[in-house]
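Asker: Take a look at this one; I'll ask things after.
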Amino acid sequence: MKAEKQLSPVTELDGKKRPLIAIAASFLFFVCISLVAVQGWSIYSARETQLAQSAASTANMARALADHADSTIELVDTILDGVVESVEHDGISRYGERLHLHLIDHVSRTPSLQGMFIYDAKGNWALHSLRDPVPALNNADREYFIYHATHQDKLAHVGAPVRSRTTDAWVLPVSRRLENKDGSFAGVALATVQLSFFRTFYDSFDIGAHGNITIATDKGALVMRRPYRQEQIGASIAAEPMFKQWRERGALGSAAIPVDADAVDRMYSFRQLRRYPLFVAVGLSTGETLSNWWANAYLSTAWVVILLLILCWMGVRLFRQVTLRDELEEQLRNAQLALVTKNRSLKLLARNDGLTGIANRRLFDARLDAEFNRAVRDGTSLALVLLDVDFFKKYNDHYGHPAGDACLQFIGQCIRTGRRRAGNLAARVGGEEFAILLPNTDLYGAIVVAEAVRRSIATAGREHAANPAGIVTISCGVHALVPGKDMDSKQLVEAADKALYLAKSTGRNRVCPDAPAASSRRERASVLGD
């Protein structure tokens, strides 16, 4: 009773300490989780804000570029419209020289213009803006000429980029149909826009090292692109992800394209020209857009991690101080239980083989003497099976000792499961030698047990290259007797050992009884080997 009264305050204090520790740990955990959640939300929000700003920037840039292209072509179209009106009203033959000077003046005062040309109904050059005379050429094969010859509308036609036949430079053709007074086709008035004009303008924008500015026709013919590659001008970009996204989204919109034509992740904004069949796309590299965000995210995350580590360190120190006394008390309380467990383990180690887990030689010898004496008193049969791994030394030499230990563990497991009855004892009695002690078992019963173990090991098919069988096998010697008072347990062991020698000398991987003791039982044990 006094002991109980002395222990009760300690127990009461433990009950008060543990909830306090749990509350403190929960609070620290909540603080850490809150810091991580706030940091994660902050990083995510900053990323979304950065992407939104990038989307707004590309949208504004696309609108500015589209307006620029629209106004450039509109100016050229306005000039062209005036030329068409003059040609249709006054004719070329009457005011040809004055109209020629007029074309030259237009080109000289308009930076975007490369040239202006008038073609008759057969495609021959009727008038041009070149200062020097040039050989007469025919442009009836050009797309814009064919278009106007087959279409009666008098609106401006913007074609795909072509190489100028006078300067060999890439130009964008803007053309209008010429008609006779009766409405029949009279030819084409053409103005060519210098693509270098767009290139110079696009180079003035800051789009980063991996940004992209594209202007193309609505059919996919590339007009100009930054970064500039001359071989791409006029080529089709209809198969590019960017063009497909524009087709899906219509006149304007934005889209993130994970893998663009040049394997760069970009955020695009699209804008179609108001009056002409062209569109502009501006793409900024997602990696460059988020570079500052990544730097800030790494820095802020590093500070949060440092703060978490400091909190955890302080918490651990605090908990350690609080729980140190409890741990010491708990260790004292568990000392006796640990001692009992240790003694039990030592007793188990003294009886069992450390590698295979089955009984060791000491336990086997003790059980052998006890079962032998019991068989003498009761007049019952006692059987012994000795097993040996075939060519085990060669197995060790070939596969190494760790593999050899694993093989012995495998053999021990097979013997443990094959001993049939709980009263039977499986033991490791030597390096690769094992024994099964079978009380109240005759020779035939022992042979059945041994054969079952041998077959289970052979059936497993464990590789053994140094064994002629190619797998791990065992040889078994079996002996059974009804001991008399004048007999010794060594006789049983010696007889089983002779049987084991017989099994090895007659080919291994078999079960053999001791020859003198087999007599009438040999016929019943007909399965003594493979």
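Ordered as shown in the structure tokens, chains take letters A, B, and onward, while each chain numbers its residues from 1 and ligands are numbered from 1 in the order shown.
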According to DSSP computed on the backbone, where in range 365-504 of chain A is there helix (DSSP H, G or I)? Give the residues as JSON, numbers by chain.

Answerer: {"A": [365, 366, 367, 368, 369, 370, 371, 372, 373, 374, 375, 376, 377, 378, 392, 393, 394, 395, 396, 397, 398, 399, 401, 402, 403, 404, 405, 406, 407, 408, 409, 410, 411, 412, 413, 414, 415, 416, 417, 418, 443, 444, 445, 446, 447, 448, 449, 450, 451, 452, 453, 454, 455, 456, 457, 458, 459, 460, 489, 490, 491, 492, 493, 494, 495, 496, 497, 498, 499, 500, 501, 502, 503, 504]}

Asker: Need to verify the contact set: Val304 in chain A, 8 Å, only C-alpha atoms, exclusion of same-chain residues closer than 4 positions in sequence. Can you return it as a ChimeraX atom specification?

Answerer: /A:35-36,39,300,308

Asker: How about saving the chosen residues, all heavy atoms kept, as a tab-separated table (two decimals), in the first residue's frame?

Answerer:
chain	number	residue	atom	x	y	z
A	35	LEU	N	3.35	28.07	-41.92
A	35	LEU	CA	4.42	28.74	-42.67
A	35	LEU	C	4.58	28.14	-44.06
A	35	LEU	O	4.73	28.87	-45.05
A	35	LEU	CB	5.74	28.61	-41.89
A	35	LEU	CG	5.92	29.55	-40.70
A	35	LEU	CD1	7.20	29.21	-39.95
A	35	LEU	CD2	5.96	31.00	-41.15
A	36	VAL	N	4.54	26.82	-44.14
A	36	VAL	CA	4.67	26.16	-45.44
A	36	VAL	C	3.50	26.52	-46.35
A	36	VAL	O	3.68	26.81	-47.55
A	36	VAL	CB	4.77	24.63	-45.25
A	36	VAL	CG1	4.71	23.92	-46.60
A	36	VAL	CG2	6.07	24.26	-44.53
A	39	GLN	N	3.82	30.15	-47.48
A	39	GLN	CA	4.89	30.25	-48.48
A	39	GLN	C	4.45	29.68	-49.82
A	39	GLN	O	4.70	30.27	-50.88
A	39	GLN	CB	6.15	29.52	-47.98
A	39	GLN	CG	7.28	29.44	-48.98
A	39	GLN	CD	7.86	30.79	-49.33
A	39	GLN	OE1	7.54	31.80	-48.69
A	39	GLN	NE2	8.71	30.84	-50.34
A	300	SER	N	13.03	33.17	-50.98
A	300	SER	CA	12.03	33.17	-49.91
A	300	SER	C	11.86	31.78	-49.31
A	300	SER	O	11.68	31.62	-48.10
A	300	SER	CB	10.69	33.69	-50.44
A	300	SER	OG	10.20	32.86	-51.49
A	308	LEU	N	12.05	27.35	-40.38
A	308	LEU	CA	11.48	26.08	-39.93
A	308	LEU	C	12.52	25.24	-39.19
A	308	LEU	O	12.20	24.61	-38.17
A	308	LEU	CB	10.95	25.29	-41.14
A	308	LEU	CG	9.67	25.82	-41.79
A	308	LEU	CD1	9.35	25.03	-43.04
A	308	LEU	CD2	8.49	25.73	-40.82

Asker: List as a list in words the protein and nucleic acid residues near Gly484 in chain A, meaning an atom at most 9 Å away when only C-alpha atoms are counted, but skip any in the same chain fewer than 5 places from it.

Answerer: Ala375, Val376, Arg377 and Gly379 of chain A

Asker: Just the residues within 12 Å of range 80-87 of chain A, please, counting only C-alpha atoms, with nothing from its chain fewer than 2 positions along; format it as JSON, numbers by chain.

Answerer: {"A": [73, 74, 75, 76, 77, 78, 89, 90, 91, 92, 93, 94, 95, 96, 98, 99, 100, 101, 102, 103, 104, 106, 107, 113, 115, 116, 117, 118, 119, 120, 126, 127, 128, 129, 154, 155, 156, 157, 173, 174, 175, 176, 177, 178, 179, 180, 181, 186, 187, 188, 189, 190, 191, 192, 193]}

Asker: Using the chain letters and numbers from this document, which residues of range 101-285 of chain A does DSSP assign to strand (DSSP E or B), as a PyMOL selection string?

Answerer: chain A and resi 113-120+124-128+138+157-158+162-163+170-179+185-194+212-217+221-226+236+252-257+266-272+278-285

Asker: Give me, as a list in words, all polymer residues having an atom no more than 12 Å from Glu48 in chain A, counting only C-alpha atoms and skipping those fewer than 5 positions away in the same chain.

Answerer: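 So the residues in contact are Trp41, Ser42, Ile43, Gln53, Ser54, Ala55, Thr286, Thr289, Leu290 and Trp293 of chain A.
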
Asker: Residues at most 7 Å from Val282 in chain A, counting only C-alpha atoms, excluding those fewer than 5 positions away in the same chain, as a list in words?

Answerer: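 The residues satisfying every condition are Thr58, Ala62, Asn212, Ile213, Thr214, Tyr268, Ser269 and Phe270 of chain A.
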
Asker: Since we have the selection now, will you write its residues out, keeping N, CA and C atoms, as a PDB file, in the first residue's frame?

Answerer:
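So out.pdb came out as:
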ATOM      1  N   THR A  58       2.362  40.746 -73.651  1.00  0.00           N
ATOM      2  CA  THR A  58       2.341  40.194 -75.014  1.00  0.00           C
ATOM      3  C   THR A  58       1.080  40.634 -75.762  1.00  0.00           C
ATOM      4  N   ALA A  62       1.235  42.622 -79.143  1.00  0.00           N
ATOM      5  CA  ALA A  62       0.582  42.096 -80.342  1.00  0.00           C
ATOM      6  C   ALA A  62      -0.362  43.136 -80.946  1.00  0.00           C
ATOM      7  N   ASN A 212       9.640  35.599 -79.452  1.00  0.00           N
ATOM      8  CA  ASN A 212       9.282  35.342 -80.838  1.00  0.00           C
ATOM      9  C   ASN A 212       8.224  36.346 -81.270  1.00  0.00           C
ATOM     10  N   ILE A 213       8.451  36.984 -82.447  1.00  0.00           N
ATOM     11  CA  ILE A 213       7.442  37.838 -83.088  1.00  0.00           C
ATOM     12  C   ILE A 213       7.218  37.288 -84.487  1.00  0.00           C
ATOM     13  N   THR A 214       5.979  37.040 -84.824  1.00  0.00           N
ATOM     14  CA  THR A 214       5.654  36.439 -86.119  1.00  0.00           C
ATOM     15  C   THR A 214       4.513  37.216 -86.762  1.00  0.00           C
ATOM     16  N   TYR A 268       1.967  32.946 -75.729  1.00  0.00           N
ATOM     17  CA  TYR A 268       1.678  33.704 -76.946  1.00  0.00           C
ATOM     18  C   TYR A 268       0.421  34.555 -76.783  1.00  0.00           C
ATOM     19  N   SER A 269       0.431  35.684 -77.502  1.00  0.00           N
ATOM     20  CA  SER A 269      -0.780  36.483 -77.728  1.00  0.00           C
ATOM     21  C   SER A 269      -0.920  36.696 -79.233  1.00  0.00           C
ATOM     22  N   PHE A 270      -2.153  36.592 -79.725  1.00  0.00           N
ATOM     23  CA  PHE A 270      -2.419  36.683 -81.170  1.00  0.00           C
ATOM     24  C   PHE A 270      -3.299  37.906 -81.451  1.00  0.00           C
TER      25      PHE A 270
END

Asker: Mind giving me the straight-line distance from CA of Arg325 in chain A to CA of Ile21 in chain A in Å, one decimal?

Answerer: 13.0 Å

Asker: Considering only C-alpha atoms, state which residue in the set A:Pro513, A:Pro19, A:Pro402, A:Gly287 is at the smallest distance from Leu481 in chain A.

Answerer: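 The closest residue to Leu481 in chain A is A:Pro513.
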
Asker: Quick one: distance from CA of Tyr501 in chain A to CA of Gly477 in chain A in Å, one decimal?

Answerer: 7.3 Å

Asker: From the list A:Leu500, A:Ala56, A:Cys312, A:Leu492, which residue is nearest Leu368 in chain A when using only C-alpha atoms?

Answerer: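 Closest to Leu368 in chain A, using only C-alpha atoms: A:Leu492.
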
Asker: Considering only C-alpha atoms, state which residue in the set A:Asp265, A:Glu463, A:Asp388, A:Asp442 is at the smallest distance from Arg428 in chain A.

Answerer: A:Asp388

Asker: CA of Phe145 in chain A and CA of Gly183 in chain A are how many Å apart?

Answerer: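 These two atoms are separated by 16.6 Å.
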